[in-house]
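Structure below is input.tsv: TSV, N, CA and C atoms.
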```
chain	number	residue	atom	x	y	z
A	12	MET	N	116.15	70.31	77.61
A	12	MET	CA	115.91	71.16	78.76
A	12	MET	C	115.90	70.29	80.02
A	13	ASN	N	116.56	70.74	81.05
A	13	ASN	CA	116.64	70.02	82.30
A	13	ASN	C	115.49	70.46	83.22
A	14	SER	N	114.54	69.57	83.47
A	14	SER	CA	113.37	69.93	84.26
A	14	SER	C	113.73	70.27	85.70
A	15	GLU	N	114.78	69.65	86.23
A	15	GLU	CA	115.22	69.96	87.59
A	15	GLU	C	115.67	71.41	87.69
A	16	LYS	N	116.41	71.88	86.69
A	16	LYS	CA	116.87	73.28	86.68
A	16	LYS	C	115.70	74.24	86.52
A	17	VAL	N	114.69	73.84	85.73
A	17	VAL	CA	113.52	74.69	85.54
A	17	VAL	C	112.76	74.86	86.85
A	18	ILE	N	112.55	73.76	87.57
A	18	ILE	CA	111.85	73.81	88.84
A	18	ILE	C	112.64	74.63	89.86
A	19	PHE	N	113.96	74.43	89.89
A	19	PHE	CA	114.84	75.16	90.78
A	19	PHE	C	114.73	76.66	90.52
A	20	ALA	N	114.85	77.07	89.26
A	20	ALA	CA	114.77	78.48	88.89
A	20	ALA	C	113.38	79.04	89.16
A	21	PHE	N	112.35	78.24	88.90
A	21	PHE	CA	110.97	78.67	89.14
A	21	PHE	C	110.78	79.08	90.60
A	22	PHE	N	111.21	78.23	91.52
A	22	PHE	CA	111.00	78.52	92.93
A	22	PHE	C	111.87	79.68	93.42
A	23	ILE	N	113.05	79.84	92.87
A	23	ILE	CA	113.88	80.98	93.26
A	23	ILE	C	113.22	82.29	92.84
A	24	VAL	N	112.75	82.33	91.60
A	24	VAL	CA	112.12	83.55	91.09
A	24	VAL	C	110.77	83.78	91.77
A	25	LEU	N	110.01	82.72	92.02
A	25	LEU	CA	108.72	82.87	92.71
A	25	LEU	C	108.92	83.40	94.13
A	26	ALA	N	109.94	82.92	94.82
A	26	ALA	CA	110.22	83.43	96.17
A	26	ALA	C	110.53	84.92	96.12
A	27	LEU	N	111.29	85.33	95.13
A	27	LEU	CA	111.62	86.75	94.98
A	27	LEU	C	110.37	87.57	94.70
A	28	THR	N	109.55	87.13	93.77
A	28	THR	CA	108.39	87.94	93.39
A	28	THR	C	107.34	88.02	94.50
A	29	LEU	N	107.13	86.92	95.22
A	29	LEU	CA	106.18	86.97	96.33
A	29	LEU	C	106.69	87.89	97.44
A	30	ASN	N	107.96	87.80	97.73
A	30	ASN	CA	108.54	88.65	98.75
A	30	ASN	C	108.47	90.12	98.34
A	31	PHE	N	108.76	90.40	97.07
A	31	PHE	CA	108.67	91.77	96.57
A	31	PHE	C	107.24	92.29	96.66
A	32	GLY	N	106.28	91.44	96.32
A	32	GLY	CA	104.88	91.85	96.42
A	32	GLY	C	104.47	92.20	97.83
A	33	PHE	N	104.97	91.46	98.80
A	33	PHE	CA	104.66	91.80	100.20
A	33	PHE	C	105.38	93.06	100.63
A	34	PHE	N	106.63	93.21	100.23
A	34	PHE	CA	107.46	94.33	100.67
A	34	PHE	C	106.98	95.67	100.11
A	35	LEU	N	106.47	95.66	98.90
A	35	LEU	CA	106.08	96.88	98.22
A	35	LEU	C	104.90	97.55	98.93
A	36	GLY	N	105.03	98.83	99.20
A	36	GLY	CA	103.95	99.58	99.83
A	36	GLY	C	104.49	100.38	101.00
A	37	GLY	N	103.60	101.11	101.63
A	37	GLY	CA	103.98	101.93	102.78
A	37	GLY	C	104.43	101.08	103.94
A	38	MET	N	105.50	101.50	104.59
A	38	MET	CA	106.07	100.71	105.69
A	38	MET	C	105.09	100.53	106.85
A	39	ASP	N	104.23	101.51	107.09
A	39	ASP	CA	103.37	101.43	108.26
A	39	ASP	C	101.88	101.34	107.90
A	40	ASN	N	101.58	101.03	106.66
A	40	ASN	CA	100.20	100.93	106.20
A	40	ASN	C	99.83	99.46	106.01
A	41	ALA	N	99.01	98.94	106.91
A	41	ALA	CA	98.68	97.51	106.89
A	41	ALA	C	97.89	97.12	105.65
A	42	SER	N	97.20	98.03	105.02
A	42	SER	CA	96.43	97.68	103.83
A	42	SER	C	97.33	97.43	102.63
A	43	HIS	N	98.60	97.79	102.72
A	43	HIS	CA	99.56	97.56	101.63
A	43	HIS	C	100.26	96.21	101.75
A	44	HIS	N	100.09	95.52	102.87
A	44	HIS	CA	100.83	94.29	103.12
A	44	HIS	C	99.87	93.19	103.56
A	45	ASN	N	99.75	92.16	102.74
A	45	ASN	CA	98.82	91.06	102.98
A	45	ASN	C	99.54	89.94	103.73
A	46	ILE	N	98.96	89.50	104.82
A	46	ILE	CA	99.58	88.45	105.63
A	46	ILE	C	99.69	87.14	104.85
A	47	TYR	N	98.74	86.86	103.97
A	47	TYR	CA	98.79	85.62	103.19
A	47	TYR	C	99.93	85.65	102.18
A	48	GLU	N	100.26	86.83	101.70
A	48	GLU	CA	101.40	86.94	100.79
A	48	GLU	C	102.71	86.71	101.54
A	49	LEU	N	102.77	87.18	102.80
A	49	LEU	CA	103.95	86.91	103.62
A	49	LEU	C	104.11	85.41	103.83
A	50	TYR	N	103.04	84.73	104.18
A	50	TYR	CA	103.12	83.30	104.41
A	50	TYR	C	103.41	82.53	103.12
A	51	ALA	N	102.86	82.98	102.00
A	51	ALA	CA	103.18	82.34	100.72
A	51	ALA	C	104.66	82.51	100.40
A	52	ALA	N	105.19	83.72	100.65
A	52	ALA	CA	106.63	83.95	100.43
A	52	ALA	C	107.46	83.05	101.32
A	53	LEU	N	107.04	82.86	102.55
A	53	LEU	CA	107.77	81.99	103.48
A	53	LEU	C	107.73	80.53	103.02
A	54	VAL	N	106.57	80.05	102.62
A	54	VAL	CA	106.44	78.66	102.19
A	54	VAL	C	107.27	78.40	100.93
A	55	VAL	N	107.18	79.29	99.96
A	55	VAL	CA	107.95	79.13	98.72
A	55	VAL	C	109.44	79.23	99.00
A	56	SER	N	109.83	80.10	99.92
A	56	SER	CA	111.24	80.22	100.29
A	56	SER	C	111.74	78.93	100.94
A	57	LEU	N	110.92	78.32	101.78
A	57	LEU	CA	111.30	77.05	102.40
A	57	LEU	C	111.42	75.94	101.36
A	58	ILE	N	110.50	75.91	100.40
A	58	ILE	CA	110.59	74.93	99.31
A	58	ILE	C	111.87	75.16	98.51
A	59	SER	N	112.18	76.42	98.25
A	59	SER	CA	113.40	76.76	97.51
A	59	SER	C	114.64	76.29	98.28
A	60	THR	N	114.62	76.43	99.59
A	60	THR	CA	115.74	75.97	100.40
A	60	THR	C	115.90	74.45	100.30
A	61	ILE	N	114.81	73.73	100.37
A	61	ILE	CA	114.86	72.28	100.27
A	61	ILE	C	115.46	71.85	98.93
A	62	LEU	N	115.10	72.55	97.86
A	62	LEU	CA	115.63	72.22	96.54
A	62	LEU	C	117.14	72.48	96.45
A	63	LYS	N	117.66	73.39	97.27
A	63	LYS	CA	119.07	73.76	97.21
A	63	LYS	C	119.96	72.85	98.05
A	64	VAL	N	119.37	72.03	98.90
A	64	VAL	CA	120.15	71.22	99.84
A	64	VAL	C	121.05	70.21	99.14
A	65	GLY	N	120.64	69.62	98.06
A	65	GLY	CA	121.42	68.56	97.43
A	65	GLY	C	122.62	69.01	96.62
A	66	ASP	N	122.73	70.29	96.31
A	66	ASP	CA	123.82	70.78	95.47
A	66	ASP	C	125.12	70.84	96.27
A	67	ARG	N	126.16	70.16	95.78
A	67	ARG	CA	127.42	70.07	96.51
A	67	ARG	C	128.51	70.99	95.95
A	68	THR	N	128.15	71.89	95.05
A	68	THR	CA	129.14	72.81	94.50
A	68	THR	C	129.31	74.02	95.41
A	69	HIS	N	130.35	74.81	95.13
A	69	HIS	CA	130.56	76.04	95.90
A	69	HIS	C	129.41	77.01	95.68
A	70	LEU	N	128.96	77.15	94.45
A	70	LEU	CA	127.83	78.03	94.15
A	70	LEU	C	126.56	77.51	94.83
A	71	GLY	N	126.41	76.20	94.90
A	71	GLY	CA	125.28	75.61	95.60
A	71	GLY	C	125.27	75.98	97.08
A	72	ALA	N	126.46	76.04	97.67
A	72	ALA	CA	126.56	76.44	99.08
A	72	ALA	C	126.14	77.90	99.26
A	73	VAL	N	126.50	78.74	98.32
A	73	VAL	CA	126.10	80.15	98.39
A	73	VAL	C	124.59	80.29	98.18
A	74	PHE	N	124.05	79.51	97.23
A	74	PHE	CA	122.59	79.48	97.04
A	74	PHE	C	121.89	79.09	98.33
A	75	LEU	N	122.39	78.07	98.98
A	75	LEU	CA	121.78	77.60	100.23
A	75	LEU	C	121.90	78.66	101.32
A	76	ALA	N	123.03	79.31	101.41
A	76	ALA	CA	123.21	80.35	102.43
A	76	ALA	C	122.24	81.51	102.23
A	77	THR	N	122.10	81.97	100.99
A	77	THR	CA	121.17	83.07	100.74
A	77	THR	C	119.73	82.65	101.02
A	78	SER	N	119.41	81.41	100.72
A	78	SER	CA	118.07	80.92	100.97
A	78	SER	C	117.79	80.80	102.47
A	79	LEU	N	118.78	80.35	103.22
A	79	LEU	CA	118.61	80.26	104.68
A	79	LEU	C	118.44	81.64	105.31
A	80	VAL	N	119.17	82.62	104.79
A	80	VAL	CA	119.01	84.00	105.28
A	80	VAL	C	117.59	84.48	105.02
A	81	ALA	N	117.10	84.26	103.79
A	81	ALA	CA	115.74	84.68	103.46
A	81	ALA	C	114.72	83.96	104.36
A	82	ASP	N	114.92	82.66	104.59
A	82	ASP	CA	114.01	81.91	105.47
A	82	ASP	C	113.99	82.50	106.87
A	83	LEU	N	115.15	82.74	107.43
A	83	LEU	CA	115.21	83.28	108.79
A	83	LEU	C	114.55	84.65	108.89
A	84	GLN	N	114.76	85.50	107.89
A	84	GLN	CA	114.14	86.82	107.90
A	84	GLN	C	112.62	86.71	107.82
A	85	LEU	N	112.14	85.84	106.93
A	85	LEU	CA	110.68	85.69	106.77
A	85	LEU	C	110.05	85.02	107.99
A	86	ILE	N	110.75	84.05	108.57
A	86	ILE	CA	110.23	83.43	109.80
A	86	ILE	C	110.15	84.46	110.92
A	87	ALA	N	111.17	85.29	111.05
A	87	ALA	CA	111.15	86.34	112.07
A	87	ALA	C	110.00	87.31	111.83
A	88	ALA	N	109.78	87.68	110.57
A	88	ALA	CA	108.67	88.58	110.25
A	88	ALA	C	107.33	87.96	110.62
A	89	ALA	N	107.16	86.68	110.29
A	89	ALA	CA	105.91	85.99	110.62
A	89	ALA	C	105.72	85.85	112.13
A	90	VAL	N	106.81	85.60	112.85
A	90	VAL	CA	106.73	85.48	114.31
A	90	VAL	C	106.34	86.82	114.93
A	91	VAL	N	106.94	87.91	114.46
A	91	VAL	CA	106.60	89.23	115.00
A	91	VAL	C	105.12	89.53	114.75
A	92	TRP	N	104.66	89.28	113.53
A	92	TRP	CA	103.25	89.53	113.20
A	92	TRP	C	102.34	88.64	114.05
A	93	GLY	N	102.65	87.34	114.12
A	93	GLY	CA	101.83	86.41	114.89
A	93	GLY	C	101.82	86.73	116.38
A	94	TYR	N	102.98	87.07	116.91
A	94	TYR	CA	103.06	87.42	118.34
A	94	TYR	C	102.21	88.64	118.64
A	95	THR	N	102.32	89.64	117.78
A	95	THR	CA	101.57	90.87	118.00
A	95	THR	C	100.07	90.62	117.95
A	96	GLU	N	99.63	89.87	116.98
A	96	GLU	CA	98.20	89.64	116.79
A	96	GLU	C	97.61	88.65	117.79
A	97	HIS	N	98.33	87.58	118.14
A	97	HIS	CA	97.72	86.48	118.87
A	97	HIS	C	98.22	86.29	120.30
A	98	VAL	N	99.41	86.76	120.61
A	98	VAL	CA	99.94	86.55	121.96
A	98	VAL	C	99.83	87.81	122.81
A	99	SER	N	100.27	88.92	122.26
A	99	SER	CA	100.26	90.16	123.06
A	99	SER	C	98.86	90.75	123.18
A	100	GLY	N	97.95	90.34	122.31
A	100	GLY	CA	96.58	90.82	122.41
A	100	GLY	C	96.36	92.21	121.84
A	101	THR	N	97.36	92.77	121.21
A	101	THR	CA	97.20	94.08	120.59
A	101	THR	C	97.07	93.90	119.08
A	102	SER	N	96.54	94.91	118.45
A	102	SER	CA	96.44	94.83	116.99
A	102	SER	C	97.74	95.34	116.38
A	103	LEU	N	97.92	95.02	115.13
A	103	LEU	CA	99.13	95.40	114.42
A	103	LEU	C	99.13	96.91	114.21
A	104	ASN	N	100.15	97.58	114.74
A	104	ASN	CA	100.25	99.03	114.55
A	104	ASN	C	101.38	99.35	113.57
A	105	GLY	N	101.55	100.60	113.26
A	105	GLY	CA	102.55	101.01	112.27
A	105	GLY	C	103.96	100.65	112.65
A	106	GLU	N	104.29	100.77	113.93
A	106	GLU	CA	105.64	100.46	114.38
A	106	GLU	C	105.97	98.97	114.21
A	107	THR	N	105.04	98.11	114.60
A	107	THR	CA	105.25	96.67	114.47
A	107	THR	C	105.26	96.25	113.01
A	108	LEU	N	104.37	96.84	112.22
A	108	LEU	CA	104.33	96.51	110.80
A	108	LEU	C	105.62	96.93	110.10
A	109	SER	N	106.20	98.04	110.52
A	109	SER	CA	107.47	98.46	109.91
A	109	SER	C	108.58	97.47	110.23
A	110	ILE	N	108.54	96.83	111.38
A	110	ILE	CA	109.52	95.79	111.72
A	110	ILE	C	109.33	94.59	110.78
A	111	VAL	N	108.07	94.19	110.59
A	111	VAL	CA	107.76	93.05	109.72
A	111	VAL	C	108.22	93.34	108.29
A	112	VAL	N	107.92	94.53	107.79
A	112	VAL	CA	108.29	94.90	106.43
A	112	VAL	C	109.81	95.00	106.29
A	113	SER	N	110.48	95.52	107.30
A	113	SER	CA	111.94	95.60	107.26
A	113	SER	C	112.57	94.21	107.22
A	114	LEU	N	112.05	93.29	107.99
A	114	LEU	CA	112.55	91.91	107.96
A	114	LEU	C	112.32	91.28	106.59
A	115	SER	N	111.17	91.53	106.00
A	115	SER	CA	110.93	90.99	104.66
A	115	SER	C	111.83	91.66	103.63
A	116	GLY	N	112.23	92.90	103.89
A	116	GLY	CA	113.19	93.58	103.01
A	116	GLY	C	114.55	92.91	103.03
A	117	GLY	N	114.96	92.44	104.20
A	117	GLY	CA	116.21	91.69	104.28
A	117	GLY	C	116.13	90.39	103.50
A	118	ALA	N	114.99	89.71	103.59
A	118	ALA	CA	114.78	88.49	102.82
A	118	ALA	C	114.74	88.80	101.33
A	119	LEU	N	114.17	89.94	100.98
A	119	LEU	CA	114.13	90.35	99.58
A	119	LEU	C	115.53	90.54	99.02
A	120	LEU	N	116.39	91.14	99.79
A	120	LEU	CA	117.78	91.33	99.36
A	120	LEU	C	118.47	89.97	99.17
A	121	ALA	N	118.26	89.03	100.07
A	121	ALA	CA	118.83	87.69	99.92
A	121	ALA	C	118.29	87.00	98.67
A	122	ASN	N	117.00	87.19	98.39
A	122	ASN	CA	116.40	86.60	97.19
A	122	ASN	C	116.96	87.24	95.92
A	123	ILE	N	117.20	88.53	95.96
A	123	ILE	CA	117.80	89.21	94.80
A	123	ILE	C	119.19	88.65	94.53
A	124	ILE	N	119.95	88.43	95.59
A	124	ILE	CA	121.29	87.84	95.42
A	124	ILE	C	121.18	86.45	94.80
A	125	SER	N	120.21	85.65	95.23
A	125	SER	CA	120.01	84.31	94.65
A	125	SER	C	119.70	84.39	93.17
A	126	VAL	N	118.84	85.32	92.79
A	126	VAL	CA	118.48	85.44	91.37
A	126	VAL	C	119.67	85.93	90.55
A	127	ILE	N	120.45	86.85	91.09
A	127	ILE	CA	121.65	87.31	90.40
A	127	ILE	C	122.62	86.15	90.20
A	128	LEU	N	122.81	85.33	91.23
A	128	LEU	CA	123.66	84.15	91.10
A	128	LEU	C	123.11	83.17	90.07
A	129	LEU	N	121.80	82.99	90.06
A	129	LEU	CA	121.17	82.09	89.10
A	129	LEU	C	121.41	82.58	87.67
A	130	VAL	N	121.22	83.86	87.45
A	130	VAL	CA	121.43	84.43	86.11
A	130	VAL	C	122.89	84.32	85.70
A	131	SER	N	123.80	84.62	86.64
A	131	SER	CA	125.23	84.54	86.30
A	131	SER	C	125.65	83.10	86.02
A	132	GLU	N	125.10	82.15	86.75
A	132	GLU	CA	125.40	80.74	86.49
A	132	GLU	C	124.86	80.33	85.12
A	133	THR	N	123.68	80.80	84.79
A	133	THR	CA	123.07	80.47	83.50
A	133	THR	C	123.88	81.04	82.35
A	134	ILE	N	124.39	82.24	82.52
A	134	ILE	CA	125.17	82.89	81.47
A	134	ILE	C	126.50	82.15	81.25
A	135	THR	N	127.09	81.64	82.31
A	135	THR	CA	128.41	80.99	82.18
A	135	THR	C	128.33	79.54	81.70
A	136	VAL	N	127.14	78.94	81.70
A	136	VAL	CA	127.01	77.55	81.25
A	136	VAL	C	127.21	77.49	79.74
A	137	ARG	N	128.06	76.60	79.33
A	137	ARG	CA	128.35	76.41	77.91
A	137	ARG	C	127.70	75.13	77.44
A	138	ARG	N	127.25	75.11	76.21
A	138	ARG	CA	126.61	73.90	75.67
A	138	ARG	C	127.64	73.00	75.07
```

Could you quickly redo this structure as structure tokens?
Amino acid sequence: MNSEKVIFAFFIVLALTLNFGFFLGGMDNASHHNIYELYAALVVSLISTILKVGDRTHLGAVFLATSLVADLQLIAAAVVWGYTEHVSGTSLNGETLSIVVSLSGGALLANIISVILLVSETITVRR
């Protein structure tokens, strides 16, 4: 068993599951979306991106692209939430939360593509 591949797959799947956990729930209900889960999804997504940087294959480039998309979406979601709470001086309302959740949905889609690519790569590997 290749431990590097295990760690790589672990972080890809963990990024997906954390993002899904944040995304799931009512779009405008703040009690359904935990800010710490958003930040955990962002941190794991960034770690996943770092792990993908060294791969020089075509599939590795696609992995990196999907990871960068997820990172940008999650960073934008965190910035919107942080700006609303700490800069604008207003509390998080349903409209702003729906923007945050929509951005995390875009990251979720990128993570799903990464996992599909990971599974397809695993299936095509021959011993």

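With only C-alpha atoms as the atoms that count, the residue of A:Ser14, A:Asn104, A:Thr135, A:Asn122 with the shortest distance to Ser42 of chain A is A:Asn104.
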
Which is closer to Leu25 of chain A than all the others in A:Asn45, A:Ser56, A:Asn40, A:Ser102, using all atoms listed in the file?
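With all atoms listed in the file as the atom set, the closest residue is A:Ser56.
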
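Interatomic distance, atom N of Val91 of chain A to atom CA of Tyr50 of chain A: 11.7 Å.
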
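In this structure, atom C of Asn30 of chain A sits 10.6 Å away from atom C of Ala81 of chain A.
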
Just give me the gap between atom C of Val17 of chain A and atom C of Leu62 of chain A in Å, one decimal is fine.
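Separation of atom C of Val17 of chain A and atom C of Leu62 of chain A: 10.8 Å.
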
Counting only C-alpha atoms, the residue of A:Ile124, A:Leu119, A:Phe31, A:Glu15 that sits nearest Asp66 of chain A
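Of A:Ile124, A:Leu119, A:Phe31, A:Glu15, the one nearest Asp66 of chain A, counting only C-alpha atoms, is A:Glu15.
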
Compare A:Leu27, A:Ile110, A:Ala118, A:Val54 by their minimum atom-to-atom distance to Leu83 of chain A, counting all atoms listed in the file, and give me the closest one.
A:Ala118

Nearest to Asp82 of chain A: which of A:Leu70, A:Val64, A:Leu129, A:Leu57 is it, counting only N, CA and C atoms?
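The shortest atom-to-atom distance to Asp82 of chain A comes from A:Leu57.
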
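Contact shell of Glu106 of chain A at 8 Å (only N, CA and C atoms; same-chain neighbours under 5 positions omitted): Met38, Asp39, Asn40 and Val111 of chain A.
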
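Residue nearest Leu79 of chain A within the list A:Leu35, A:Ala41, A:Ile18, A:Ile58: A:Ile58 [criterion: smallest interatomic distance, only C-alpha atoms].
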
Listed atoms of segment 41-57 of chain A boxed along x, y and z, 3 Å each side, centre and edge lengths in Å, one decimal, as AutoDock Vina command-line options:
```
--center_x 104.1 --center_y 87.4 --center_z 102.8 --size_x 21.3 --size_y 29.0 --size_z 14.2
```

Need to verify the contact set: segment 115-117 of chain A, 7 Å, only N, CA and C atoms, exclusion of same-chain residues closer than 6 positions in sequence. Can you return it as a ChimeraX atom specification?
/A:30,34,80-81,84-85,88

Who sits within 12 Å of Gly93 of chain A, only C-alpha atoms, same chain under 2 positions skipped, as a PyMOL selection string
chain A and resi 46+49-50+86-91+95-103+107-108+111

Any idea what's packed within 7 Å of Glu48 of chain A, counting all atoms listed in the file, ignoring anything in its chain fewer than 6 positions away? Could you give it as a PyMOL selection string?
chain A and resi 29-30+32-33

With N, CA and C atoms kept, could you save the residues just selected as a PDB file, in the coordinates of the input?
```
ATOM      1  N   LEU A  29     107.130  86.920  95.220  1.00  0.00           N
ATOM      2  CA  LEU A  29     106.180  86.970  96.330  1.00  0.00           C
ATOM      3  C   LEU A  29     106.690  87.890  97.440  1.00  0.00           C
ATOM      4  N   ASN A  30     107.960  87.800  97.730  1.00  0.00           N
ATOM      5  CA  ASN A  30     108.540  88.650  98.750  1.00  0.00           C
ATOM      6  C   ASN A  30     108.470  90.120  98.340  1.00  0.00           C
ATOM      7  N   GLY A  32     106.280  91.440  96.320  1.00  0.00           N
ATOM      8  CA  GLY A  32     104.880  91.850  96.420  1.00  0.00           C
ATOM      9  C   GLY A  32     104.470  92.200  97.830  1.00  0.00           C
ATOM     10  N   PHE A  33     104.970  91.460  98.800  1.00  0.00           N
ATOM     11  CA  PHE A  33     104.660  91.800 100.200  1.00  0.00           C
ATOM     12  C   PHE A  33     105.380  93.060 100.630  1.00  0.00           C
TER      13      PHE A  33
END
```

According to DSSP computed on the backbone, where in chain A is there alpha helix (DSSP H)? Give the residues as a PyMOL selection string.
chain A and resi 14-34+46-63+69-93+105-135
